Amino acid sequence: MTFQFVHTGVDESGALTATSPWFVLAAVLTPHPESVAHIVNRVALRTGKRLKRARKPATELKWRNASHRVRTDVLGHLAATEVQCFTLVVDKQGRRIEDSPENYAVLVCELLALCWEYYPNQSVALDRHFTTPAQFARVNTFVYRHWPATGTLNLIHVDSQRSSLVQLADFVAGAAYDRYNGRDDSLHILGDKIANVKVAAWATLKAGWLAMRQQKTEPPDRLAPDIAGESG
C-alpha cells in the first residue's frame, strides 16, 4: 500500500504551567501546502480594505490577537481546502505541568498518533516552543523513536511567522481552546475538516507514553481520521 505524503503544521493554545484547566495542541495536514499558504494573508488584506485602515501584517496574526471576523474568515477559508485537522485537548486536572522537552514530546506524539497510521509519511513543522538545540534534540529523539517504522518523518521547529501551516494550526488550536473554555464556538465552522478530537487527562497520557518509551509499539486504539469524534 502506498501512503500519501502530507505536510503538517502543529501549534498550541494555553500554557502548560498555568492554572487554566485546558491545554490544546492542534495539527493541520494537507498534501498541497501551497493551497493554504495565503489564507491568512488574503483575509488580512480584505479586512484592511473593508475597514479602510492599515492592516496588521498577516504573519503577526494569531488567534489571540485576531478579531472575531478574521477568526471566522480564516476558519471558513480553511474549511474550503483539502486539509484535515486533529486536536488534542488535555485536561490538566488542576495541575501545573512542567514545560519540559519530554512532556512536550509526549503531547506531540499523542496528537500525531491520531493520524500517523493513515499518514505515516509526513513533513511536520512544530511551532518553535523551545530555544536551544539540546531541547529540540530531546523532542525529536522521542518523536522519531515512536514514529511508525514503515513511515518517513521530517521534523522541524519553526516560528509561526515563517510557516503558514503552523499559523493555521494556531487558529485551530485557539478555536478548540476557546470552545472548551466556553468562550467561543467558532470551531464548528471547520465541520468535517476536524478529523479527530482527543480529550484526555494529562496523567493518563503521560503514563501511557512513558510505558512505551523504551520500545516502538502501537499506541491505543484510535479513531479513523475520516470520522470526527471525541474520546476521553
# chains A, B, ... in the order shown; residues from 1 in each chain; ligands from 1
call {"tool": "closest_atom_pairs", "arguments": {"of": "region 23-88 of chain A", "to": "region 179-191 of chain A", "cutoff": "8 Å", "atoms": "only C-alpha atoms", "output": "Markdown table"}}
result
| residue | atom | partner | partner_atom | distance |
| --- | --- | --- | --- | --- |
| A:Arg71 | CA | A:Ser186 | CA | 7.9 |
| A:Thr72 | CA | A:Ser186 | CA | 6.5 |
| A:Leu75 | CA | A:Leu190 | CA | 6.2 |
| A:Gly76 | CA | A:Ile189 | CA | 6.1 |
| A:Leu78 | CA | A:Leu190 | CA | 7.3 |
| A:Ala79 | CA | A:Leu190 | CA | 5.0 |
call {"tool": "write_last_selection", "arguments": {"atoms": "all heavy atoms", "output": "CSV table (one decimal), in the first residue's frame"}}
result
chain,number,residue,atom,x,y,z
A,71,ARG,N,-11.1,35.7,12.6
A,71,ARG,CA,-11.1,34.3,13.0
A,71,ARG,C,-12.0,33.4,12.2
A,71,ARG,O,-11.6,32.4,11.7
A,71,ARG,CB,-11.5,34.2,14.5
A,71,ARG,CG,-10.5,34.8,15.5
A,71,ARG,CD,-11.0,34.7,16.9
A,71,ARG,NE,-10.0,35.2,17.9
A,71,ARG,CZ,-10.3,35.2,19.2
A,71,ARG,NH1,-11.5,34.8,19.7
A,71,ARG,NH2,-9.4,35.6,20.0
A,72,THR,N,-13.2,33.9,12.1
A,72,THR,CA,-14.2,33.1,11.3
A,72,THR,C,-13.9,33.0,9.8
A,72,THR,O,-14.1,32.0,9.2
A,72,THR,CB,-15.6,33.6,11.5
A,72,THR,OG1,-15.7,35.0,11.1
A,72,THR,CG2,-16.1,33.5,13.0
A,75,LEU,N,-11.0,30.4,9.4
A,75,LEU,CA,-11.6,29.0,9.6
A,75,LEU,C,-12.5,28.7,8.4
A,75,LEU,O,-12.4,27.5,7.9
A,75,LEU,CB,-12.4,28.9,10.9
A,75,LEU,CG,-11.5,29.1,12.2
A,75,LEU,CD1,-12.5,28.9,13.4
A,75,LEU,CD2,-10.4,28.1,12.2
A,76,GLY,N,-13.2,29.6,7.9
A,76,GLY,CA,-14.1,29.4,6.7
A,76,GLY,C,-13.3,29.0,5.5
A,76,GLY,O,-13.6,28.1,4.7
A,78,LEU,N,-10.2,27.9,5.4
A,78,LEU,CA,-9.5,26.7,5.7
A,78,LEU,C,-10.4,25.5,5.4
A,78,LEU,O,-10.0,24.5,4.9
A,78,LEU,CB,-9.0,26.6,7.1
A,78,LEU,CG,-8.1,25.4,7.5
A,78,LEU,CD1,-6.9,25.3,6.7
A,78,LEU,CD2,-7.8,25.5,9.0
A,79,ALA,N,-11.7,25.6,5.8
A,79,ALA,CA,-12.7,24.5,5.6
A,79,ALA,C,-13.0,24.2,4.1
A,79,ALA,O,-13.4,23.2,3.8
A,79,ALA,CB,-14.0,24.9,6.3
call {"tool": "closest_atom_pairs", "arguments": {"of": "region 103-185 of chain A", "to": "region 15-19 of chain A", "cutoff": "12 Å", "atoms": "only C-alpha atoms", "output": "Markdown table"}}
result
| residue | atom | partner | partner_atom | distance |
| --- | --- | --- | --- | --- |
| A:Asn103 | CA | A:Leu16 | CA | 9.4 |
| A:Tyr104 | CA | A:Leu16 | CA | 9.1 |
| A:Leu107 | CA | A:Leu16 | CA | 10.8 |
| A:His129 | CA | A:Ala15 | CA | 11.1 |
| A:Gly174 | CA | A:Ala15 | CA | 11.8 |
| A:Tyr177 | CA | A:Ala15 | CA | 10.8 |
call {"tool": "write_last_selection", "arguments": {"atoms": "all heavy atoms", "output": "compact mmCIF listing (two decimals), in the first residue's frame"}}
result
# COMPACT_ATOMS: atom_id res chain seq x y z
N ASN A 103 7.88 16.34 28.26
CA ASN A 103 6.43 16.47 28.34
C ASN A 103 5.84 16.97 27.02
O ASN A 103 4.78 16.50 26.59
CB ASN A 103 6.05 17.41 29.48
CG ASN A 103 6.23 16.78 30.84
OD1 ASN A 103 6.34 15.56 30.96
ND2 ASN A 103 6.25 17.60 31.88
N TYR A 104 6.51 17.92 26.40
CA TYR A 104 6.03 18.43 25.11
C TYR A 104 6.05 17.32 24.06
O TYR A 104 5.12 17.19 23.25
CB TYR A 104 6.87 19.61 24.68
CG TYR A 104 6.40 20.27 23.40
CD1 TYR A 104 5.22 20.99 23.37
CD2 TYR A 104 7.15 20.19 22.23
CE1 TYR A 104 4.78 21.60 22.19
CE2 TYR A 104 6.73 20.80 21.07
CZ TYR A 104 5.55 21.50 21.04
OH TYR A 104 5.12 22.10 19.88
N LEU A 107 3.09 15.06 24.31
CA LEU A 107 1.89 15.66 23.73
C LEU A 107 1.92 15.62 22.21
O LEU A 107 0.91 15.34 21.56
CB LEU A 107 1.75 17.10 24.24
CG LEU A 107 1.49 17.24 25.74
CD1 LEU A 107 1.59 18.70 26.17
CD2 LEU A 107 0.13 16.67 26.11
N HIS A 129 8.65 25.98 20.10
CA HIS A 129 8.27 26.01 21.51
C HIS A 129 9.47 26.22 22.43
O HIS A 129 9.34 26.82 23.50
CB HIS A 129 7.57 24.68 21.85
CG HIS A 129 6.95 24.62 23.20
ND1 HIS A 129 5.67 25.07 23.44
CD2 HIS A 129 7.42 24.18 24.39
CE1 HIS A 129 5.37 24.90 24.72
NE2 HIS A 129 6.42 24.36 25.32
N GLY A 174 -6.53 27.55 18.86
CA GLY A 174 -7.21 28.61 19.58
C GLY A 174 -8.72 28.44 19.60
O GLY A 174 -9.38 28.67 20.62
N TYR A 177 -9.48 25.61 22.01
CA TYR A 177 -9.26 26.06 23.39
C TYR A 177 -10.42 26.92 23.87
O TYR A 177 -10.93 26.75 24.98
CB TYR A 177 -7.95 26.85 23.45
CG TYR A 177 -7.55 27.30 24.84
CD1 TYR A 177 -6.92 26.42 25.72
CD2 TYR A 177 -7.79 28.61 25.26
CE1 TYR A 177 -6.54 26.84 26.99
CE2 TYR A 177 -7.41 29.03 26.52
CZ TYR A 177 -6.79 28.14 27.38
OH TYR A 177 -6.42 28.57 28.65
call {"tool": "closest_atom_pairs", "arguments": {"of": "region 108-145 of chain A", "to": "region 196-208 of chain A", "cutoff": "9 Å", "atoms": "only C-alpha atoms", "output": "CSV"}}
result
residue,atom,partner,partner_atom,distance
A:Glu110,CA,A:Leu205,CA,7.5
A:Leu111,CA,A:Lys198,CA,7.9
A:Leu114,CA,A:Asn196,CA,7.1
A:Cys115,CA,A:Asn196,CA,8.6
call {"tool": "closest_residue", "arguments": {"among": "A:Val166, A:Cys85, A:Leu29, A:Ile156", "to": "Pro133 (chain A)", "atoms": "only C-alpha atoms"}}
result
A:Ile156
call {"tool": "atom_distance", "arguments": {"atom1": "CA of Ala137 (chain A)", "atom2": "CA of Val124 (chain A)"}}
result
14.7 Å
call {"tool": "closest_residue", "arguments": {"among": "A:Gln84, A:Ser123, A:Ser35, A:Ser163", "to": "Thr8 (chain A)", "atoms": "only C-alpha atoms"}}
result
A:Ser123
call {"tool": "closest_residue", "arguments": {"among": "A:Gly94, A:Pro21, A:Gly9, A:Pro101", "to": "Asn154 (chain A)", "atoms": "only C-alpha atoms"}}
result
A:Gly9
call {"tool": "closest_residue", "arguments": {"among": "A:Leu168, A:Val74, A:Leu153, A:Met212", "to": "Val43 (chain A)", "atoms": "only C-alpha atoms"}}
result
A:Val74
call {"tool": "closest_residue", "arguments": {"among": "A:Val172, A:Ala113, A:Leu61, A:Val139", "to": "Val40 (chain A)", "atoms": "only C-alpha atoms"}}
result
A:Leu61
call {"tool": "closest_residue", "arguments": {"among": "A:Pro31, A:Ala195, A:Asp73, A:Asp11", "to": "Val108 (chain A)", "atoms": "only C-alpha atoms"}}
result
A:Asp11
